[in-house]
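Source file: entry-v4.csv (CSV, N, CA and C atoms)
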```csv
chain,number,residue,atom,x,y,z
A,1,MET,N,-6.1,-5.9,-0.4
A,1,MET,CA,-4.9,-5.8,0.4
A,1,MET,C,-4.3,-7.2,0.6
A,2,ALA,N,-5.2,-8.2,0.9
A,2,ALA,CA,-4.8,-9.5,1.2
A,2,ALA,C,-4.2,-10.2,0.0
A,3,ASP,N,-4.4,-9.6,-1.2
A,3,ASP,CA,-3.9,-10.2,-2.4
A,3,ASP,C,-2.4,-10.3,-2.4
A,4,GLU,N,-1.7,-9.4,-1.8
A,4,GLU,CA,-0.2,-9.4,-1.8
A,4,GLU,C,0.3,-10.4,-0.8
A,5,LEU,N,-0.5,-10.9,0.1
A,5,LEU,CA,-0.1,-11.9,1.1
A,5,LEU,C,-0.2,-13.3,0.4
A,6,THR,N,0.8,-14.1,0.4
A,6,THR,CA,0.8,-15.3,-0.3
A,6,THR,C,0.6,-16.6,0.5
A,7,LYS,N,0.9,-16.4,1.8
A,7,LYS,CA,0.8,-17.6,2.7
A,7,LYS,C,-0.6,-17.6,3.3
A,8,LYS,N,-1.0,-18.8,3.8
A,8,LYS,CA,-2.3,-19.0,4.4
A,8,LYS,C,-2.3,-18.5,5.8
A,9,TYR,N,-1.2,-18.6,6.5
A,9,TYR,CA,-1.1,-18.2,7.9
A,9,TYR,C,0.3,-17.5,8.1
A,10,TYR,N,0.3,-16.5,9.0
A,10,TYR,CA,1.5,-15.8,9.4
A,10,TYR,C,1.7,-15.8,10.9
A,11,ARG,N,2.9,-16.0,11.4
A,11,ARG,CA,3.2,-15.9,12.8
A,11,ARG,C,3.2,-14.5,13.2
A,12,ILE,N,3.1,-14.3,14.5
A,12,ILE,CA,3.0,-12.9,15.1
A,12,ILE,C,4.3,-12.1,14.8
A,13,GLY,N,5.4,-12.8,14.8
A,13,GLY,CA,6.7,-12.0,14.4
A,13,GLY,C,6.6,-11.5,13.0
A,14,ASP,N,6.1,-12.3,12.1
A,14,ASP,CA,6.0,-11.9,10.7
A,14,ASP,C,5.0,-10.7,10.6
A,15,VAL,N,3.9,-10.8,11.3
A,15,VAL,CA,2.9,-9.7,11.2
A,15,VAL,C,3.4,-8.4,11.8
A,16,SER,N,4.2,-8.6,12.9
A,16,SER,CA,4.8,-7.5,13.6
A,16,SER,C,5.7,-6.7,12.7
A,17,GLU,N,6.5,-7.5,12.0
A,17,GLU,CA,7.5,-6.9,11.0
A,17,GLU,C,6.8,-6.3,9.8
A,18,LEU,N,5.8,-7.0,9.3
A,18,LEU,CA,5.0,-6.5,8.2
A,18,LEU,C,4.3,-5.2,8.4
A,19,LEU,N,3.7,-5.0,9.6
A,19,LEU,CA,3.0,-3.8,10.0
A,19,LEU,C,3.8,-2.8,10.8
A,20,ASP,N,5.0,-3.1,11.1
A,20,ASP,CA,5.8,-2.3,11.9
A,20,ASP,C,5.2,-1.9,13.2
A,21,LEU,N,4.7,-2.9,13.9
A,21,LEU,CA,4.0,-2.8,15.2
A,21,LEU,C,4.7,-3.8,16.1
A,22,PRO,N,4.8,-3.4,17.4
A,22,PRO,CA,5.3,-4.4,18.4
A,22,PRO,C,4.4,-5.6,18.6
A,23,GLN,N,4.9,-6.7,18.9
A,23,GLN,CA,4.1,-7.9,19.1
A,23,GLN,C,3.1,-7.7,20.3
A,24,SER,N,3.6,-6.9,21.2
A,24,SER,CA,2.7,-6.7,22.4
A,24,SER,C,1.5,-5.9,22.0
A,25,THR,N,1.6,-5.0,21.0
A,25,THR,CA,0.5,-4.2,20.5
A,25,THR,C,-0.5,-5.1,19.8
A,26,LEU,N,0.0,-6.1,19.0
A,26,LEU,CA,-0.9,-7.0,18.3
A,26,LEU,C,-1.7,-7.8,19.4
A,27,ARG,N,-1.0,-8.3,20.4
A,27,ARG,CA,-1.7,-9.1,21.4
A,27,ARG,C,-2.7,-8.3,22.2
A,28,PHE,N,-2.4,-7.0,22.5
A,28,PHE,CA,-3.3,-6.1,23.2
A,28,PHE,C,-4.5,-5.9,22.3
A,29,TRP,N,-4.3,-5.6,21.0
A,29,TRP,CA,-5.5,-5.3,20.2
A,29,TRP,C,-6.4,-6.5,20.0
A,30,GLU,N,-5.8,-7.8,20.2
A,30,GLU,CA,-6.7,-9.0,20.1
A,30,GLU,C,-7.8,-8.9,21.2
A,31,HIS,N,-7.4,-8.4,22.4
A,31,HIS,CA,-8.3,-8.3,23.5
A,31,HIS,C,-9.3,-7.1,23.3
A,32,GLU,N,-8.9,-6.1,22.6
A,32,GLU,CA,-9.7,-4.9,22.4
A,32,GLU,C,-10.7,-5.0,21.3
A,33,PHE,N,-10.4,-5.8,20.3
A,33,PHE,CA,-11.3,-5.8,19.0
A,33,PHE,C,-11.8,-7.2,18.8
A,34,SER,N,-13.1,-7.3,18.9
A,34,SER,CA,-13.7,-8.6,18.7
A,34,SER,C,-13.5,-9.1,17.2
A,35,GLU,N,-13.3,-8.2,16.3
A,35,GLU,CA,-13.1,-8.7,14.9
A,35,GLU,C,-11.8,-9.4,14.7
A,36,LEU,N,-10.9,-9.2,15.6
A,36,LEU,CA,-9.6,-9.8,15.5
A,36,LEU,C,-9.4,-11.0,16.4
A,37,ARG,N,-9.5,-12.2,15.8
A,37,ARG,CA,-9.3,-13.4,16.5
A,37,ARG,C,-8.5,-14.4,15.7
A,38,PRO,N,-7.1,-14.3,15.8
A,38,PRO,CA,-6.3,-15.2,15.1
A,38,PRO,C,-6.4,-16.6,15.6
A,39,GLN,N,-6.3,-17.6,14.8
A,39,GLN,CA,-6.3,-19.0,15.2
A,39,GLN,C,-5.1,-19.3,16.0
A,40,ARG,N,-5.1,-20.4,16.7
A,40,ARG,CA,-4.0,-20.9,17.4
A,40,ARG,C,-3.6,-22.3,17.0
A,41,SER,N,-2.3,-22.5,16.9
A,41,SER,CA,-1.9,-23.9,16.6
A,41,SER,C,-2.1,-24.8,17.9
A,42,ASN,N,-1.8,-26.0,17.8
A,42,ASN,CA,-1.9,-26.9,18.9
A,42,ASN,C,-0.9,-26.5,20.0
A,43,LYS,N,0.1,-25.8,19.7
A,43,LYS,CA,1.1,-25.4,20.7
A,43,LYS,C,0.8,-24.0,21.2
A,44,GLY,N,-0.3,-23.4,20.7
A,44,GLY,CA,-0.8,-22.1,21.2
A,44,GLY,C,-0.1,-20.9,20.4
A,45,ILE,N,0.5,-21.2,19.3
A,45,ILE,CA,1.1,-20.1,18.5
A,45,ILE,C,0.0,-19.5,17.7
A,46,ARG,N,0.0,-18.1,17.7
A,46,ARG,CA,-1.0,-17.4,16.9
A,46,ARG,C,-0.7,-17.6,15.4
A,47,ARG,N,-1.8,-17.8,14.7
A,47,ARG,CA,-1.7,-17.9,13.2
A,47,ARG,C,-2.7,-16.9,12.6
A,48,TYR,N,-2.1,-15.8,12.0
A,48,TYR,CA,-2.9,-14.8,11.4
A,48,TYR,C,-3.1,-15.1,10.0
A,49,THR,N,-4.4,-14.9,9.6
A,49,THR,CA,-4.7,-15.1,8.1
A,49,THR,C,-4.5,-13.7,7.4
A,50,PRO,N,-4.5,-13.7,6.1
A,50,PRO,CA,-4.5,-12.5,5.4
A,50,PRO,C,-5.6,-11.5,5.8
A,51,ASN,N,-6.8,-12.1,6.1
A,51,ASN,CA,-7.9,-11.3,6.5
A,51,ASN,C,-7.6,-10.6,7.9
A,52,ASP,N,-7.0,-11.4,8.8
A,52,ASP,CA,-6.6,-10.8,10.1
A,52,ASP,C,-5.7,-9.7,9.9
A,53,ILE,N,-4.8,-9.8,9.0
A,53,ILE,CA,-3.8,-8.8,8.7
A,53,ILE,C,-4.4,-7.5,8.2
A,54,ASP,N,-5.4,-7.7,7.3
A,54,ASP,CA,-6.2,-6.6,6.8
A,54,ASP,C,-6.9,-5.9,7.9
A,55,ILE,N,-7.5,-6.6,8.8
A,55,ILE,CA,-8.2,-6.0,10.0
A,55,ILE,C,-7.1,-5.2,10.8
A,56,LEU,N,-6.0,-5.8,11.0
A,56,LEU,CA,-4.9,-5.1,11.8
A,56,LEU,C,-4.5,-3.8,11.1
A,57,ARG,N,-4.4,-3.8,9.7
A,57,ARG,CA,-4.0,-2.6,9.0
A,57,ARG,C,-5.1,-1.5,9.2
A,58,VAL,N,-6.3,-1.9,9.2
A,58,VAL,CA,-7.4,-0.9,9.4
A,58,VAL,C,-7.3,-0.3,10.8
A,59,ILE,N,-7.1,-1.2,11.8
A,59,ILE,CA,-7.0,-0.8,13.2
A,59,ILE,C,-5.8,0.2,13.3
A,60,LYS,N,-4.7,-0.2,12.7
A,60,LYS,CA,-3.5,0.7,12.8
A,60,LYS,C,-3.8,2.0,12.1
A,61,PHE,N,-4.5,2.0,11.0
A,61,PHE,CA,-4.8,3.3,10.3
A,61,PHE,C,-5.7,4.1,11.2
A,62,LEU,N,-6.7,3.5,11.9
A,62,LEU,CA,-7.6,4.3,12.7
A,62,LEU,C,-6.9,4.9,13.9
A,63,ILE,N,-6.0,4.1,14.6
A,63,ILE,CA,-5.4,4.5,15.8
A,63,ILE,C,-4.1,5.3,15.5
A,64,LYS,N,-3.3,4.9,14.7
A,64,LYS,CA,-2.0,5.5,14.5
A,64,LYS,C,-2.1,6.7,13.5
A,65,ASP,N,-2.8,6.5,12.4
A,65,ASP,CA,-2.9,7.6,11.4
A,65,ASP,C,-4.0,8.6,11.7
A,66,LYS,N,-5.2,8.2,12.1
A,66,LYS,CA,-6.3,9.1,12.3
A,66,LYS,C,-6.3,9.6,13.8
A,67,GLY,N,-5.5,8.9,14.6
A,67,GLY,CA,-5.4,9.4,16.0
A,67,GLY,C,-6.6,9.1,16.9
A,68,LEU,N,-7.4,8.1,16.5
A,68,LEU,CA,-8.5,7.7,17.3
A,68,LEU,C,-8.1,6.9,18.6
A,69,THR,N,-8.9,6.9,19.6
A,69,THR,CA,-8.7,6.1,20.8
A,69,THR,C,-9.1,4.7,20.4
A,70,ILE,N,-8.8,3.7,21.3
A,70,ILE,CA,-9.2,2.3,21.1
A,70,ILE,C,-10.7,2.3,21.0
A,71,GLU,N,-11.4,3.0,21.9
A,71,GLU,CA,-12.8,3.0,21.9
A,71,GLU,C,-13.4,3.6,20.6
A,72,GLY,N,-12.8,4.7,20.2
A,72,GLY,CA,-13.2,5.4,18.9
A,72,GLY,C,-13.0,4.5,17.7
A,73,ALA,N,-11.9,3.8,17.7
A,73,ALA,CA,-11.6,2.9,16.6
A,73,ALA,C,-12.6,1.7,16.6
A,74,ARG,N,-12.9,1.2,17.8
A,74,ARG,CA,-13.9,0.1,17.9
A,74,ARG,C,-15.2,0.5,17.4
A,75,GLU,N,-15.7,1.7,17.8
A,75,GLU,CA,-17.0,2.2,17.3
A,75,GLU,C,-17.0,2.5,15.8
A,76,HIS,N,-15.9,3.0,15.3
A,76,HIS,CA,-15.8,3.3,13.9
A,76,HIS,C,-15.9,2.0,13.1
A,77,LEU,N,-15.2,0.9,13.6
A,77,LEU,CA,-15.3,-0.4,12.9
A,77,LEU,C,-16.7,-0.9,12.9
A,78,LYS,N,-17.4,-0.8,14.0
A,78,LYS,CA,-18.7,-1.4,14.2
A,78,LYS,C,-19.7,-0.6,13.2
A,79,ARG,N,-19.6,0.7,13.2
A,79,ARG,CA,-20.6,1.5,12.4
A,79,ARG,C,-20.2,1.5,10.9
A,80,ASN,N,-19.0,1.6,10.6
A,80,ASN,CA,-18.6,2.0,9.2
A,80,ASN,C,-17.5,1.0,8.6
A,81,ARG,N,-17.5,-0.2,9.0
A,81,ARG,CA,-16.4,-1.1,8.6
A,81,ARG,C,-16.1,-1.0,7.1
A,82,HIS,N,-17.1,-1.1,6.3
A,82,HIS,CA,-16.9,-1.1,4.8
A,82,HIS,C,-16.3,0.2,4.4
A,83,ALA,N,-16.8,1.3,4.9
A,83,ALA,CA,-16.3,2.6,4.5
A,83,ALA,C,-14.9,2.8,4.9
A,84,VAL,N,-14.6,2.4,6.1
A,84,VAL,CA,-13.2,2.5,6.7
A,84,VAL,C,-12.3,1.7,5.8
A,85,ASP,N,-12.7,0.4,5.4
A,85,ASP,CA,-11.9,-0.4,4.6
A,85,ASP,C,-11.6,0.3,3.2
A,86,ARG,N,-12.6,0.9,2.6
A,86,ARG,CA,-12.4,1.5,1.3
A,86,ARG,C,-11.5,2.7,1.5
A,87,ARG,N,-11.7,3.5,2.5
A,87,ARG,CA,-10.9,4.7,2.7
A,87,ARG,C,-9.4,4.3,2.9
A,88,HIS,N,-9.2,3.3,3.8
A,88,HIS,CA,-7.8,2.9,4.0
A,88,HIS,C,-7.2,2.4,2.8
A,89,GLN,N,-7.9,1.6,2.0
A,89,GLN,CA,-7.3,1.1,0.7
A,89,GLN,C,-7.0,2.2,-0.2
A,90,THR,N,-7.9,3.2,-0.3
A,90,THR,CA,-7.6,4.4,-1.2
A,90,THR,C,-6.4,5.1,-0.7
A,91,ILE,N,-6.2,5.3,0.6
A,91,ILE,CA,-5.0,6.0,1.1
A,91,ILE,C,-3.8,5.2,0.8
A,92,GLN,N,-3.9,3.9,1.0
A,92,GLN,CA,-2.7,3.1,0.7
A,92,GLN,C,-2.3,3.2,-0.8
A,93,ARG,N,-3.3,3.1,-1.7
A,93,ARG,CA,-3.0,3.2,-3.1
A,93,ARG,C,-2.4,4.6,-3.5
A,94,LEU,N,-2.9,5.7,-2.9
A,94,LEU,CA,-2.3,7.0,-3.1
A,94,LEU,C,-0.9,7.1,-2.6
A,95,GLN,N,-0.6,6.5,-1.5
A,95,GLN,CA,0.7,6.5,-0.9
A,95,GLN,C,1.7,5.7,-1.9
A,96,GLU,N,1.2,4.6,-2.4
A,96,GLU,CA,2.0,3.8,-3.4
A,96,GLU,C,2.3,4.7,-4.6
A,97,ILE,N,1.3,5.3,-5.1
A,97,ILE,CA,1.4,6.2,-6.3
A,97,ILE,C,2.4,7.3,-6.0
A,98,ARG,N,2.3,7.9,-4.8
A,98,ARG,CA,3.2,9.0,-4.5
A,98,ARG,C,4.7,8.5,-4.4
A,99,ARG,N,4.9,7.3,-3.8
A,99,ARG,CA,6.2,6.7,-3.7
A,99,ARG,C,6.8,6.5,-5.2
A,100,GLY,N,5.9,5.9,-6.0
A,100,GLY,CA,6.3,5.7,-7.4
A,100,GLY,C,6.7,7.0,-8.1
A,101,LEU,N,5.9,8.0,-8.0
A,101,LEU,CA,6.2,9.3,-8.6
A,101,LEU,C,7.5,9.9,-8.1
A,102,THR,N,7.7,9.8,-6.7
A,102,THR,CA,8.9,10.3,-6.1
A,102,THR,C,10.1,9.6,-6.7
A,103,GLU,N,10.0,8.3,-6.8
A,103,GLU,CA,11.1,7.5,-7.4
A,103,GLU,C,11.4,7.9,-8.8
A,104,LEU,N,10.3,8.1,-9.6
A,104,LEU,CA,10.5,8.6,-11.0
A,104,LEU,C,11.1,9.9,-11.0
A,105,LEU,N,10.7,10.9,-10.2
A,105,LEU,CA,11.3,12.2,-10.2
A,105,LEU,C,12.8,12.1,-9.8
A,106,ASP,N,13.1,11.3,-8.8
A,106,ASP,CA,14.5,11.1,-8.4
A,106,ASP,C,15.3,10.6,-9.5
A,107,SER,N,14.8,9.6,-10.2
A,107,SER,CA,15.6,9.0,-11.3
A,107,SER,C,15.8,10.0,-12.4
A,108,MET,N,14.8,10.8,-12.7
A,108,MET,CA,14.9,11.8,-13.8
A,108,MET,C,15.9,12.9,-13.4
A,109,GLY,N,15.9,13.2,-12.1
A,109,GLY,CA,16.8,14.2,-11.6
A,109,GLY,C,18.3,13.8,-11.7
A,110,LYS,N,18.5,12.5,-11.5
A,110,LYS,CA,19.8,11.9,-11.6
A,110,LYS,C,20.3,11.8,-13.0
A,111,ARG,N,19.4,11.6,-13.9
A,111,ARG,CA,19.8,11.5,-15.4
A,111,ARG,C,20.1,12.9,-15.9
A,112,GLY,N,19.5,13.9,-15.5
A,112,GLY,CA,19.7,15.2,-16.0
A,112,GLY,C,21.0,15.8,-15.6
A,113,ARG,N,21.7,15.2,-14.7
A,113,ARG,CA,23.0,15.7,-14.2
A,113,ARG,C,24.2,15.4,-15.0
```
Could you take the file, read its structure, and then write that structure out as structure tokens?
Amino acid sequence: MADELTKKYYRIGDVSELLDLPQSTLRFWEHEFSELRPQRSNKGIRRYTPNDIDILRVIKFLIKDKGLTIEGAREHLKRNRHAVDRRHQTIQRLQEIRRGLTELLDSMGKRGR
């Protein structure tokens, strides 16, 4: 996942837009998940690495998609981090394939008219 991210650091506004999450949620999750500790600049601005963004994607998947509570997501990450990462990546790939197939079907339907 981090492969698609080209910069070394991202500001909270960029991450918020990328993940479609409010900045307040990102700040809240920082306090709730020990795995998530973005660096800070000298001026106190959060600097998220691609790895931080991957962690946020997994947390978002567990809470928003699977419907786990914060405590449930925290436990899931502690017990099964590797399995959760793999499952999340697989679901992301399948969603990308589905989008591609839908676009292909749409374009084929438009040509047949």
Atomic separation - atom C of A:Asp54 relative to atom N of A:Glu96, Å: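 Spanning atom N of A:Glu96 to atom C of A:Asp54 is a straight-line distance of 16.8 Å.
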Correct to one decimal, the distance atom N of A:Ser16-atom N of A:Tyr48 is 9.6 Å
Can you work out which one of A:Arg74, A:Arg93, A:Arg98, A:Arg11 has the shortest atom-to-atom distance to A:Leu36, counting only C-alpha atoms?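 Looking only at the distances to A:Leu36, the closest residue turns out to be A:Arg74.
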Which residue gives the smallest distance to A:Lys7 among A:Asn42, A:Ser24, A:Asn51, A:Ser34, with only C-alpha atoms counted?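 Checking each of A:Asn42, A:Ser24, A:Asn51, A:Ser34 against A:Lys7, counting only C-alpha atoms, the winner is A:Asn51.
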Run DSSP on the backbone of this structure and report the residues of chain A it assigns to helix (DSSP H, G or I), as a PyMOL selection string. chain A and resi 2-4+12-19+23-32+50-65+70-111
By how many Å are atom CA of A:Val15 and atom CA of A:Ile53 apart?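 Between these atoms lies a distance of 7.2 Å.
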When distances are computed from only C-alpha atoms, which of A:Leu21, A:Gln95, A:Arg27, A:Lys43 shows the smallest separation from A:Lys60? A:Leu21
With a distance cut-off of 8 Å and only N, CA and C atoms, select the neighbouring residues of A:Tyr9, excluding the residue or stretch itself and same-chain residues fewer than 5 positions from it, and output the selection as JSON, numbers by chain. {"A": [46, 47, 48, 49, 50]}
Looking at A:Glu35, A:Asp14, A:Glu4, A:Glu103, which one is nearest to A:Leu56, with distances taken over all atoms listed in the file?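 When distances to A:Leu56 are compared using all atoms listed in the file, the smallest one comes from A:Glu35.
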Minimum-distance residue to A:His76, chosen among A:Ser41, A:Asp52, A:Lys110, A:Phe33 (using only C-alpha atoms): A:Phe33
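Closest approach to A:Phe28 among A:Leu105, A:Lys8, A:Arg40, A:Ile59: A:Ile59, based on only C-alpha atoms.
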